[in-house]
Amino acid sequence: GAVVSQHPSRVICKSGTSVKIECRSLDFQATTMFWYRQFPKKSLMLMATSNEGSKATYEQGVEKDKFLINHASLTLSTLTVTSAHPEDSSFYICSARGVSYEQYFGPGTRLTVT
Amino acid sequence: LAKTTQPISMDSYEGQEVNITCSHNNIATNDYITWYQQFPSQGPRFIIQGYKTKVTNEVASLFIPADRKSSTLSLPRVSLSDTAVYYCLVGGSGTYKYIFGTGTRLKVLA
């Protein structure tokens, strides 16, 4: 299957700083990318949908000014957590969809805010 | 968006066939049914996808009845390494976004 990478795999940052997470589709062009967060032993929660070259669509309750999403090319989307707080600590996962209905997920990024 | 309902957890023994059923009563005409497997601290991994009847690949089979209001993932001869959470997702039409349900936590015992 198609490969989606995320970078970094884990990051620790201080409260108040910003962190950028990259999501790349390595062997296909992703017209749409999705960002999820997951708390321990819980299911994935969709945060936003991003289409290449347009603004992301955020799910209800997700602060768009806090979680900045950019989908500048067909292979790269970034999620920036601005002014991070300890409650933003979570496992962030992206997925990418190409021309088929299949979605491929990245390996996830573990964010810890101290 | 179609909501899915799955058993919260299941236990099985090595070598057995495991069937996990998912209900999706509000599935739309254009929706596909997709199953993913997730291990702790990893992203979900695609297992199988189908629209109707039966689909089989090298790791699983997917059975979908004619009304498409449910589906069953069949894992033949599970091993300890199949212990994971399995998610049934319905989507494909419109924005293609997936809303994850609780998933089924499968535990394979020796």
# chains A, B, ... in the order shown; residues from 1 in each chain; ligands from 1

call {"tool": "residues_around", "arguments": {"residues": "segment 47-60 of chain B", "least_positions_apart": "5", "cutoff": "12 Å", "atoms": "only C-alpha atoms", "output": "ChimeraX atom specification"}}
result
/A:1,100-105 /B:17-20,27-38,65-79,82,85-93

call {"tool": "write_last_selection", "arguments": {"atoms": "C-alpha atoms", "output": "PDB file, in the first residue's frame"}}
result
ATOM      1  CA  GLY A   1       0.000   0.000   0.000  1.00  0.00           C
ATOM      2  CA  SER A 100      -9.132   6.029  -4.724  1.00  0.00           C
ATOM      3  CA  TYR A 101     -11.372   5.858  -1.670  1.00  0.00           C
ATOM      4  CA  GLU A 102      -8.592   4.397   0.438  1.00  0.00           C
ATOM      5  CA  GLN A 103      -6.980   6.456   3.148  1.00  0.00           C
ATOM      6  CA  TYR A 104      -3.481   5.754   4.346  1.00  0.00           C
ATOM      7  CA  PHE A 105      -2.382   6.783   7.788  1.00  0.00           C
TER       8      PHE A 105
ATOM      9  CA  GLU B  17     -10.853 -17.688  12.921  1.00  0.00           C
ATOM     10  CA  VAL B  18     -12.105 -14.366  14.255  1.00  0.00           C
ATOM     11  CA  ASN B  19     -15.152 -12.574  12.924  1.00  0.00           C
ATOM     12  CA  ILE B  20     -15.825  -8.975  13.920  1.00  0.00           C
ATOM     13  CA  ILE B  27     -24.666   3.872   5.159  1.00  0.00           C
ATOM     14  CA  ALA B  28     -25.038   6.017   2.045  1.00  0.00           C
ATOM     15  CA  THR B  29     -25.228   4.695  -1.474  1.00  0.00           C
ATOM     16  CA  ASN B  30     -21.743   5.905  -2.370  1.00  0.00           C
ATOM     17  CA  ASP B  31     -20.064   4.835   0.877  1.00  0.00           C
ATOM     18  CA  TYR B  32     -17.380   2.183   1.005  1.00  0.00           C
ATOM     19  CA  ILE B  33     -16.646   0.041   4.058  1.00  0.00           C
ATOM     20  CA  THR B  34     -13.055  -0.035   5.219  1.00  0.00           C
ATOM     21  CA  TRP B  35     -11.357  -1.830   8.083  1.00  0.00           C
ATOM     22  CA  TYR B  36      -8.188  -0.731   9.799  1.00  0.00           C
ATOM     23  CA  GLN B  37      -5.919  -2.300  12.397  1.00  0.00           C
ATOM     24  CA  GLN B  38      -4.127  -0.229  15.008  1.00  0.00           C
ATOM     25  CA  PRO B  65     -24.828  -8.433   2.966  1.00  0.00           C
ATOM     26  CA  ALA B  66     -27.093  -7.125   0.236  1.00  0.00           C
ATOM     27  CA  ASP B  67     -28.573  -4.342   2.399  1.00  0.00           C
ATOM     28  CA  ARG B  68     -25.054  -3.173   3.345  1.00  0.00           C
ATOM     29  CA  LYS B  69     -26.231  -2.225   6.841  1.00  0.00           C
ATOM     30  CA  SER B  70     -23.528  -4.353   8.398  1.00  0.00           C
ATOM     31  CA  SER B  71     -20.227  -5.952   7.530  1.00  0.00           C
ATOM     32  CA  THR B  72     -18.050  -8.680   8.974  1.00  0.00           C
ATOM     33  CA  LEU B  73     -14.289  -8.745   9.014  1.00  0.00           C
ATOM     34  CA  SER B  74     -12.930 -12.277   9.060  1.00  0.00           C
ATOM     35  CA  LEU B  75      -9.374 -12.974  10.172  1.00  0.00           C
ATOM     36  CA  PRO B  76      -8.326 -16.556   9.452  1.00  0.00           C
ATOM     37  CA  ARG B  77      -6.109 -18.358  11.959  1.00  0.00           C
ATOM     38  CA  VAL B  78      -5.155 -15.429  14.168  1.00  0.00           C
ATOM     39  CA  SER B  79      -1.813 -15.245  15.919  1.00  0.00           C
ATOM     40  CA  ASP B  82      -3.025  -9.887  15.646  1.00  0.00           C
ATOM     41  CA  VAL B  85      -7.754  -2.563  17.883  1.00  0.00           C
ATOM     42  CA  TYR B  86      -9.822  -2.994  14.728  1.00  0.00           C
ATOM     43  CA  TYR B  87     -11.853  -0.121  13.329  1.00  0.00           C
ATOM     44  CA  CYS B  88     -14.730  -0.325  10.896  1.00  0.00           C
ATOM     45  CA  LEU B  89     -15.164   2.877   8.904  1.00  0.00           C
ATOM     46  CA  VAL B  90     -17.783   3.939   6.439  1.00  0.00           C
ATOM     47  CA  GLY B  91     -17.244   6.716   3.951  1.00  0.00           C
ATOM     48  CA  GLY B  92     -16.029   7.590   0.529  1.00  0.00           C
ATOM     49  CA  SER B  93     -18.682   9.911  -0.695  1.00  0.00           C
TER      50      SER B  93
END

call {"tool": "interface_residues", "arguments": {"of": "chain A", "to": "chain B", "cutoff": "9 Å", "atoms": "only C-alpha atoms", "output": "list in words"}}
result
Gly1, Thr32, Phe34, Pro40, Lys41, Lys42, Ser43, Leu44, Met45, Leu46, Thr49, Phe91, Ile93, Cys94, Ser95, Arg97, Ser100, Tyr101, Glu102, Gln103, Tyr104, Phe105, Gly106, Pro107, Gly108, Thr109 and Arg110 of chain A

call {"tool": "select_by_dssp", "arguments": {"residues": "chain B", "states": "strand (DSSP E or B)", "output": "ChimeraX atom specification"}}
result
/B:5,9-13,18-23,32-38,45-50,53-56,61-64,70-75,84-91,104-109

call {"tool": "atom_distance", "arguments": {"atom1": "atom CA of Ser25 of chain A", "atom2": "atom CA of Gln6 of chain A"}}
result
9.0 Å

call {"tool": "atom_distance", "arguments": {"atom1": "atom CA of Met10 of chain B", "atom2": "atom CA of Ala96 of chain A"}}
result
29.5 Å

call {"tool": "residues_around", "arguments": {"residues": "segment 8-16 of chain A", "least_positions_apart": "2", "cutoff": "9 Å", "atoms": "only C-alpha atoms", "output": "PyMOL selection string"}}
result
chain A and resi 6+18-22+82-86+91+107-114

call {"tool": "write_last_selection", "arguments": {"atoms": "all heavy atoms", "output": "compact mmCIF listing (two decimals), in the first residue's frame"}}
result
# COMPACT_ATOMS: atom_id res chain seq x y z
N GLN A 6 5.36 10.79 8.85
CA GLN A 6 5.18 11.93 9.72
C GLN A 6 6.51 12.27 10.36
O GLN A 6 7.31 11.38 10.69
CB GLN A 6 4.14 11.65 10.82
CG GLN A 6 2.72 11.75 10.37
CD GLN A 6 1.72 11.58 11.50
OE1 GLN A 6 0.91 10.66 11.48
NE2 GLN A 6 1.78 12.47 12.49
N SER A 18 5.52 26.84 20.01
CA SER A 18 4.76 26.25 18.90
C SER A 18 5.52 25.05 18.33
O SER A 18 6.74 25.02 18.34
CB SER A 18 4.53 27.29 17.80
OG SER A 18 3.72 28.34 18.27
N VAL A 19 4.78 24.10 17.85
CA VAL A 19 5.36 22.88 17.31
C VAL A 19 4.75 22.58 15.95
O VAL A 19 3.52 22.65 15.79
CB VAL A 19 5.10 21.68 18.25
CG1 VAL A 19 5.59 20.40 17.61
CG2 VAL A 19 5.78 21.90 19.57
N LYS A 20 5.58 22.24 14.99
CA LYS A 20 5.09 21.91 13.65
C LYS A 20 5.28 20.42 13.38
O LYS A 20 6.36 19.87 13.60
CB LYS A 20 5.82 22.70 12.58
CG LYS A 20 5.34 22.39 11.16
CD LYS A 20 6.15 23.12 10.10
CE LYS A 20 5.80 24.56 10.04
NZ LYS A 20 6.45 25.25 8.88
N ILE A 21 4.25 19.79 12.89
CA ILE A 21 4.29 18.38 12.52
C ILE A 21 4.04 18.26 11.02
O ILE A 21 3.10 18.85 10.50
CB ILE A 21 3.21 17.57 13.29
CG1 ILE A 21 3.39 17.74 14.79
CG2 ILE A 21 3.28 16.10 12.90
CD1 ILE A 21 2.23 17.17 15.60
N GLU A 22 4.90 17.50 10.36
CA GLU A 22 4.77 17.33 8.91
C GLU A 22 4.18 15.97 8.57
O GLU A 22 4.48 14.97 9.21
CB GLU A 22 6.15 17.44 8.25
CG GLU A 22 6.75 18.81 8.27
CD GLU A 22 8.04 18.88 7.47
OE1 GLU A 22 8.55 17.81 7.07
OE2 GLU A 22 8.53 19.99 7.25
N THR A 82 0.03 25.90 18.06
CA THR A 82 0.54 27.18 18.51
C THR A 82 0.30 27.36 20.01
O THR A 82 -0.71 26.88 20.55
CB THR A 82 -0.13 28.34 17.77
OG1 THR A 82 -1.54 28.33 18.05
CG2 THR A 82 0.08 28.21 16.26
N SER A 83 1.24 28.04 20.67
CA SER A 83 1.15 28.30 22.10
C SER A 83 0.69 27.04 22.84
O SER A 83 -0.37 27.02 23.49
CB SER A 83 0.18 29.46 22.35
OG SER A 83 0.20 29.85 23.71
N ALA A 84 1.49 26.02 22.71
CA ALA A 84 1.10 24.71 23.25
C ALA A 84 0.97 24.73 24.76
O ALA A 84 1.71 25.43 25.47
CB ALA A 84 2.13 23.66 22.82
N HIS A 85 0.02 23.97 25.26
CA HIS A 85 -0.20 23.80 26.69
C HIS A 85 -0.18 22.30 27.00
O HIS A 85 -0.38 21.48 26.09
CB HIS A 85 -1.53 24.42 27.10
CG HIS A 85 -1.51 25.91 27.09
ND1 HIS A 85 -2.05 26.64 26.05
CD2 HIS A 85 -1.00 26.80 27.97
CE1 HIS A 85 -1.89 27.92 26.30
NE2 HIS A 85 -1.26 28.06 27.45
N PRO A 86 0.00 21.95 28.25
CA PRO A 86 0.05 20.52 28.60
C PRO A 86 -1.16 19.73 28.12
O PRO A 86 -1.03 18.57 27.76
CB PRO A 86 0.14 20.55 30.13
CG PRO A 86 0.90 21.81 30.41
CD PRO A 86 0.40 22.81 29.38
N PHE A 91 -1.40 12.15 20.89
CA PHE A 91 -0.84 11.45 19.73
C PHE A 91 -1.56 12.01 18.51
O PHE A 91 -2.78 11.93 18.42
CB PHE A 91 -1.10 9.95 19.90
CG PHE A 91 -0.35 9.06 18.95
CD1 PHE A 91 1.02 9.17 18.81
CD2 PHE A 91 -1.01 8.09 18.22
CE1 PHE A 91 1.72 8.33 17.95
CE2 PHE A 91 -0.33 7.25 17.35
CZ PHE A 91 1.04 7.37 17.22
N PRO A 107 2.42 7.23 10.73
CA PRO A 107 2.75 6.49 11.95
C PRO A 107 2.43 7.23 13.23
O PRO A 107 2.49 6.65 14.32
CB PRO A 107 4.25 6.26 11.82
CG PRO A 107 4.72 7.40 10.98
CD PRO A 107 3.60 7.71 10.02
N GLY A 108 2.09 8.52 13.12
CA GLY A 108 1.74 9.28 14.31
C GLY A 108 2.90 10.06 14.89
O GLY A 108 4.07 9.73 14.67
N THR A 109 2.56 11.12 15.61
CA THR A 109 3.54 11.96 16.32
C THR A 109 3.09 12.12 17.76
O THR A 109 1.96 12.56 18.01
CB THR A 109 3.65 13.36 15.67
OG1 THR A 109 4.14 13.21 14.33
CG2 THR A 109 4.57 14.26 16.46
N ARG A 110 3.96 11.75 18.67
CA ARG A 110 3.66 11.88 20.09
C ARG A 110 4.14 13.24 20.55
O ARG A 110 5.33 13.52 20.53
CB ARG A 110 4.37 10.77 20.87
CG ARG A 110 4.26 10.91 22.39
CD ARG A 110 2.94 10.45 22.91
NE ARG A 110 2.63 9.07 22.52
CZ ARG A 110 1.43 8.54 22.59
NH1 ARG A 110 0.41 9.25 23.02
NH2 ARG A 110 1.22 7.29 22.22
N LEU A 111 3.23 14.11 20.95
CA LEU A 111 3.56 15.44 21.44
C LEU A 111 3.40 15.48 22.95
O LEU A 111 2.33 15.12 23.47
CB LEU A 111 2.65 16.49 20.79
CG LEU A 111 2.74 17.91 21.40
CD1 LEU A 111 4.13 18.50 21.21
CD2 LEU A 111 1.68 18.83 20.79
N THR A 112 4.45 15.92 23.62
CA THR A 112 4.40 16.12 25.07
C THR A 112 4.76 17.57 25.36
O THR A 112 5.81 18.04 24.94
CB THR A 112 5.39 15.19 25.79
OG1 THR A 112 5.11 13.83 25.45
CG2 THR A 112 5.29 15.36 27.30
N VAL A 113 3.86 18.26 26.02
CA VAL A 113 4.08 19.66 26.38
C VAL A 113 4.34 19.73 27.88
O VAL A 113 3.51 19.28 28.68
CB VAL A 113 2.87 20.53 26.00
CG1 VAL A 113 3.17 22.01 26.29
CG2 VAL A 113 2.50 20.34 24.54
N THR A 114 5.50 20.28 28.23
CA THR A 114 5.86 20.32 29.66
C THR A 114 5.61 21.70 30.28
O THR A 114 5.40 22.68 29.55
CB THR A 114 7.35 19.97 29.83
OG1 THR A 114 8.12 20.95 29.10
CG2 THR A 114 7.64 18.59 29.28

call {"tool": "atom_distance", "arguments": {"atom1": "atom CA of Gln38 of chain A", "atom2": "atom CA of Ser61 of chain B"}}
result
27.5 Å

call {"tool": "residues_around", "arguments": {"residues": "Ser77 of chain A", "least_positions_apart": "4", "cutoff": "6 Å", "atoms": "only C-alpha atoms", "output": "list in words"}}
result
Cys23, Asn70 and His71 of chain A

call {"tool": "write_last_selection", "arguments": {"atoms": "all heavy atoms", "output": "PDB file, in the first residue's frame"}}
result
ATOM      1  N   CYS A  23       3.381  15.972   7.545  1.00  0.00           N
ATOM      2  CA  CYS A  23       2.780  14.740   7.027  1.00  0.00           C
ATOM      3  C   CYS A  23       3.043  14.694   5.530  1.00  0.00           C
ATOM      4  O   CYS A  23       2.682  15.629   4.807  1.00  0.00           O
ATOM      5  CB  CYS A  23       1.278  14.738   7.306  1.00  0.00           C
ATOM      6  SG  CYS A  23       0.383  13.329   6.612  1.00  0.00           S
ATOM      7  N   ASN A  70      -1.673  23.614   7.047  1.00  0.00           N
ATOM      8  CA  ASN A  70      -1.287  24.083   5.721  1.00  0.00           C
ATOM      9  C   ASN A  70      -1.082  22.889   4.810  1.00  0.00           C
ATOM     10  O   ASN A  70      -0.437  21.909   5.185  1.00  0.00           O
ATOM     11  CB  ASN A  70       0.013  24.898   5.816  1.00  0.00           C
ATOM     12  CG  ASN A  70       0.398  25.468   4.472  1.00  0.00           C
ATOM     13  OD1 ASN A  70       1.042  24.807   3.665  1.00  0.00           O
ATOM     14  ND2 ASN A  70      -0.022  26.691   4.216  1.00  0.00           N
ATOM     15  N   HIS A  71      -1.659  22.957   3.629  1.00  0.00           N
ATOM     16  CA  HIS A  71      -1.546  21.848   2.649  1.00  0.00           C
ATOM     17  C   HIS A  71      -1.030  22.460   1.353  1.00  0.00           C
ATOM     18  O   HIS A  71      -1.774  22.654   0.396  1.00  0.00           O
ATOM     19  CB  HIS A  71      -2.917  21.207   2.473  1.00  0.00           C
ATOM     20  CG  HIS A  71      -2.889  19.901   1.743  1.00  0.00           C
ATOM     21  ND1 HIS A  71      -3.938  19.004   1.818  1.00  0.00           N
ATOM     22  CD2 HIS A  71      -1.969  19.326   0.950  1.00  0.00           C
ATOM     23  CE1 HIS A  71      -3.659  17.952   1.075  1.00  0.00           C
ATOM     24  NE2 HIS A  71      -2.473  18.114   0.550  1.00  0.00           N
TER      25      HIS A  71
END

call {"tool": "residues_around", "arguments": {"residues": "segment 52-68 of chain A", "least_positions_apart": "6", "cutoff": "6 Å", "atoms": "only C-alpha atoms", "output": "number ranges by chain"}}
result
A: 31, 74, 79-82

call {"tool": "decode", "arguments": {"residues": "segment 11-56 of chain A", "atoms": "N, CA and C atoms", "output": "PDB file, in the first residue's frame"}}
result
ATOM      1  N   VAL A  11       7.933  14.529  19.991  1.00  0.00           N
ATOM      2  CA  VAL A  11       8.499  15.832  20.294  1.00  0.00           C
ATOM      3  C   VAL A  11       8.057  16.264  21.679  1.00  0.00           C
ATOM      4  N   ILE A  12       8.997  16.877  22.378  1.00  0.00           N
ATOM      5  CA  ILE A  12       8.723  17.452  23.698  1.00  0.00           C
ATOM      6  C   ILE A  12       8.975  18.947  23.588  1.00  0.00           C
ATOM      7  N   CYS A  13       8.030  19.735  24.019  1.00  0.00           N
ATOM      8  CA  CYS A  13       8.211  21.174  23.956  1.00  0.00           C
ATOM      9  C   CYS A  13       7.728  21.819  25.250  1.00  0.00           C
ATOM     10  N   LYS A  14       8.182  23.050  25.455  1.00  0.00           N
ATOM     11  CA  LYS A  14       7.782  23.786  26.648  1.00  0.00           C
ATOM     12  C   LYS A  14       6.452  24.490  26.408  1.00  0.00           C
ATOM     13  N   SER A  15       5.719  24.658  27.454  1.00  0.00           N
ATOM     14  CA  SER A  15       4.441  25.341  27.383  1.00  0.00           C
ATOM     15  C   SER A  15       4.630  26.746  26.814  1.00  0.00           C
ATOM     16  N   GLY A  16       3.751  27.135  25.881  1.00  0.00           N
ATOM     17  CA  GLY A  16       3.837  28.453  25.271  1.00  0.00           C
ATOM     18  C   GLY A  16       4.553  28.487  23.933  1.00  0.00           C
ATOM     19  N   THR A  17       5.259  27.441  23.616  1.00  0.00           N
ATOM     20  CA  THR A  17       5.963  27.393  22.325  1.00  0.00           C
ATOM     21  C   THR A  17       5.066  26.753  21.264  1.00  0.00           C
ATOM     22  N   SER A  18       5.515  26.839  20.015  1.00  0.00           N
ATOM     23  CA  SER A  18       4.762  26.248  18.899  1.00  0.00           C
ATOM     24  C   SER A  18       5.516  25.053  18.334  1.00  0.00           C
ATOM     25  N   VAL A  19       4.776  24.103  17.849  1.00  0.00           N
ATOM     26  CA  VAL A  19       5.365  22.883  17.309  1.00  0.00           C
ATOM     27  C   VAL A  19       4.746  22.581  15.951  1.00  0.00           C
ATOM     28  N   LYS A  20       5.581  22.238  14.988  1.00  0.00           N
ATOM     29  CA  LYS A  20       5.091  21.907  13.649  1.00  0.00           C
ATOM     30  C   LYS A  20       5.280  20.416  13.382  1.00  0.00           C
ATOM     31  N   ILE A  21       4.245  19.793  12.889  1.00  0.00           N
ATOM     32  CA  ILE A  21       4.291  18.377  12.524  1.00  0.00           C
ATOM     33  C   ILE A  21       4.041  18.255  11.023  1.00  0.00           C
ATOM     34  N   GLU A  22       4.899  17.499  10.362  1.00  0.00           N
ATOM     35  CA  GLU A  22       4.774  17.330   8.914  1.00  0.00           C
ATOM     36  C   GLU A  22       4.178  15.970   8.573  1.00  0.00           C
ATOM     37  N   CYS A  23       3.381  15.972   7.545  1.00  0.00           N
ATOM     38  CA  CYS A  23       2.780  14.740   7.027  1.00  0.00           C
ATOM     39  C   CYS A  23       3.043  14.694   5.530  1.00  0.00           C
ATOM     40  N   ARG A  24       3.674  13.617   5.079  1.00  0.00           N
ATOM     41  CA  ARG A  24       4.018  13.502   3.661  1.00  0.00           C
ATOM     42  C   ARG A  24       3.495  12.200   3.067  1.00  0.00           C
ATOM     43  N   SER A  25       2.935  12.290   1.882  1.00  0.00           N
ATOM     44  CA  SER A  25       2.610  11.091   1.115  1.00  0.00           C
ATOM     45  C   SER A  25       3.818  10.825   0.218  1.00  0.00           C
ATOM     46  N   LEU A  26       4.437   9.658   0.390  1.00  0.00           N
ATOM     47  CA  LEU A  26       5.732   9.415  -0.229  1.00  0.00           C
ATOM     48  C   LEU A  26       5.645   8.896  -1.661  1.00  0.00           C
ATOM     49  N   ASP A  27       4.609   8.185  -1.993  1.00  0.00           N
ATOM     50  CA  ASP A  27       4.573   7.570  -3.323  1.00  0.00           C
ATOM     51  C   ASP A  27       3.251   7.797  -4.047  1.00  0.00           C
ATOM     52  N   PHE A  28       2.509   8.794  -3.606  1.00  0.00           N
ATOM     53  CA  PHE A  28       1.298   9.143  -4.327  1.00  0.00           C
ATOM     54  C   PHE A  28       0.948  10.595  -4.023  1.00  0.00           C
ATOM     55  N   GLN A  29       0.111  11.146  -4.847  1.00  0.00           N
ATOM     56  CA  GLN A  29      -0.308  12.526  -4.640  1.00  0.00           C
ATOM     57  C   GLN A  29      -1.611  12.525  -3.848  1.00  0.00           C
ATOM     58  N   ALA A  30      -1.597  13.269  -2.766  1.00  0.00           N
ATOM     59  CA  ALA A  30      -2.740  13.280  -1.852  1.00  0.00           C
ATOM     60  C   ALA A  30      -3.569  14.534  -2.071  1.00  0.00           C
ATOM     61  N   THR A  31      -4.724  14.356  -2.649  1.00  0.00           N
ATOM     62  CA  THR A  31      -5.591  15.512  -2.863  1.00  0.00           C
ATOM     63  C   THR A  31      -6.194  15.995  -1.549  1.00  0.00           C
ATOM     64  N   THR A  32      -6.364  15.074  -0.630  1.00  0.00           N
ATOM     65  CA  THR A  32      -6.949  15.414   0.665  1.00  0.00           C
ATOM     66  C   THR A  32      -6.145  14.768   1.777  1.00  0.00           C
ATOM     67  N   MET A  33      -5.897  15.538   2.814  1.00  0.00           N
ATOM     68  CA  MET A  33      -5.240  15.002   4.005  1.00  0.00           C
ATOM     69  C   MET A  33      -6.082  15.311   5.224  1.00  0.00           C
ATOM     70  N   PHE A  34      -5.994  14.458   6.204  1.00  0.00           N
ATOM     71  CA  PHE A  34      -6.781  14.584   7.421  1.00  0.00           C
ATOM     72  C   PHE A  34      -5.851  14.561   8.627  1.00  0.00           C
ATOM     73  N   TRP A  35      -6.254  15.288   9.656  1.00  0.00           N
ATOM     74  CA  TRP A  35      -5.496  15.287  10.896  1.00  0.00           C
ATOM     75  C   TRP A  35      -6.396  14.805  12.028  1.00  0.00           C
ATOM     76  N   TYR A  36      -5.835  13.884  12.837  1.00  0.00           N
ATOM     77  CA  TYR A  36      -6.550  13.325  13.963  1.00  0.00           C
ATOM     78  C   TYR A  36      -5.697  13.493  15.213  1.00  0.00           C
ATOM     79  N   ARG A  37      -6.350  13.436  16.370  1.00  0.00           N
ATOM     80  CA  ARG A  37      -5.624  13.296  17.617  1.00  0.00           C
ATOM     81  C   ARG A  37      -6.223  12.123  18.379  1.00  0.00           C
ATOM     82  N   GLN A  38      -5.381  11.512  19.175  1.00  0.00           N
ATOM     83  CA  GLN A  38      -5.826  10.322  19.895  1.00  0.00           C
ATOM     84  C   GLN A  38      -5.255  10.347  21.300  1.00  0.00           C
ATOM     85  N   PHE A  39      -6.123  10.196  22.299  1.00  0.00           N
ATOM     86  CA  PHE A  39      -5.709  10.093  23.684  1.00  0.00           C
ATOM     87  C   PHE A  39      -5.562   8.618  24.028  1.00  0.00           C
ATOM     88  N   PRO A  40      -4.799   8.321  25.087  1.00  0.00           N
ATOM     89  CA  PRO A  40      -4.526   6.923  25.437  1.00  0.00           C
ATOM     90  C   PRO A  40      -5.792   6.095  25.559  1.00  0.00           C
ATOM     91  N   LYS A  41      -5.798   4.958  24.903  1.00  0.00           N
ATOM     92  CA  LYS A  41      -6.875   3.978  24.935  1.00  0.00           C
ATOM     93  C   LYS A  41      -8.207   4.536  24.419  1.00  0.00           C
ATOM     94  N   LYS A  42      -8.134   5.600  23.656  1.00  0.00           N
ATOM     95  CA  LYS A  42      -9.330   6.178  23.056  1.00  0.00           C
ATOM     96  C   LYS A  42      -9.245   6.076  21.542  1.00  0.00           C
ATOM     97  N   SER A  43     -10.350   6.351  20.906  1.00  0.00           N
ATOM     98  CA  SER A  43     -10.390   6.283  19.454  1.00  0.00           C
ATOM     99  C   SER A  43      -9.797   7.555  18.845  1.00  0.00           C
ATOM    100  N   LEU A  44      -9.603   7.534  17.545  1.00  0.00           N
ATOM    101  CA  LEU A  44      -9.100   8.715  16.855  1.00  0.00           C
ATOM    102  C   LEU A  44     -10.217   9.752  16.728  1.00  0.00           C
ATOM    103  N   MET A  45      -9.848  10.999  16.936  1.00  0.00           N
ATOM    104  CA  MET A  45     -10.810  12.082  16.794  1.00  0.00           C
ATOM    105  C   MET A  45     -10.366  12.977  15.629  1.00  0.00           C
ATOM    106  N   LEU A  46     -11.230  13.106  14.643  1.00  0.00           N
ATOM    107  CA  LEU A  46     -10.897  13.934  13.484  1.00  0.00           C
ATOM    108  C   LEU A  46     -10.845  15.394  13.895  1.00  0.00           C
ATOM    109  N   MET A  47      -9.746  16.052  13.532  1.00  0.00           N
ATOM    110  CA  MET A  47      -9.597  17.472  13.844  1.00  0.00           C
ATOM    111  C   MET A  47      -9.959  18.334  12.637  1.00  0.00           C
ATOM    112  N   ALA A  48      -9.428  17.969  11.484  1.00  0.00           N
ATOM    113  CA  ALA A  48      -9.632  18.816  10.313  1.00  0.00           C
ATOM    114  C   ALA A  48      -9.335  18.060   9.032  1.00  0.00           C
ATOM    115  N   THR A  49      -9.896  18.597   7.962  1.00  0.00           N
ATOM    116  CA  THR A  49      -9.683  18.063   6.617  1.00  0.00           C
ATOM    117  C   THR A  49      -9.003  19.156   5.803  1.00  0.00           C
ATOM    118  N   SER A  50      -7.950  18.803   5.101  1.00  0.00           N
ATOM    119  CA  SER A  50      -7.287  19.815   4.280  1.00  0.00           C
ATOM    120  C   SER A  50      -7.162  19.343   2.843  1.00  0.00           C
ATOM    121  N   ASN A  51      -7.482  20.243   1.950  1.00  0.00           N
ATOM    122  CA  ASN A  51      -7.333  19.992   0.524  1.00  0.00           C
ATOM    123  C   ASN A  51      -6.210  20.868  -0.007  1.00  0.00           C
ATOM    124  N   GLU A  52      -5.426  20.340  -0.900  1.00  0.00           N
ATOM    125  CA  GLU A  52      -4.279  21.044  -1.439  1.00  0.00           C
ATOM    126  C   GLU A  52      -4.686  22.395  -2.019  1.00  0.00           C
ATOM    127  N   GLY A  53      -4.014  23.431  -1.543  1.00  0.00           N
ATOM    128  CA  GLY A  53      -4.237  24.766  -2.070  1.00  0.00           C
ATOM    129  C   GLY A  53      -5.428  25.507  -1.508  1.00  0.00           C
ATOM    130  N   SER A  54      -6.126  24.923  -0.557  1.00  0.00           N
ATOM    131  CA  SER A  54      -7.274  25.630   0.014  1.00  0.00           C
ATOM    132  C   SER A  54      -7.235  25.546   1.542  1.00  0.00           C
ATOM    133  N   LYS A  55      -8.090  26.317   2.171  1.00  0.00           N
ATOM    134  CA  LYS A  55      -8.121  26.342   3.632  1.00  0.00           C
ATOM    135  C   LYS A  55      -8.664  25.034   4.195  1.00  0.00           C
ATOM    136  N   ALA A  56      -8.178  24.699   5.360  1.00  0.00           N
ATOM    137  CA  ALA A  56      -8.646  23.471   5.996  1.00  0.00           C
ATOM    138  C   ALA A  56     -10.052  23.654   6.553  1.00  0.00           C
TER     139      ALA A  56
END
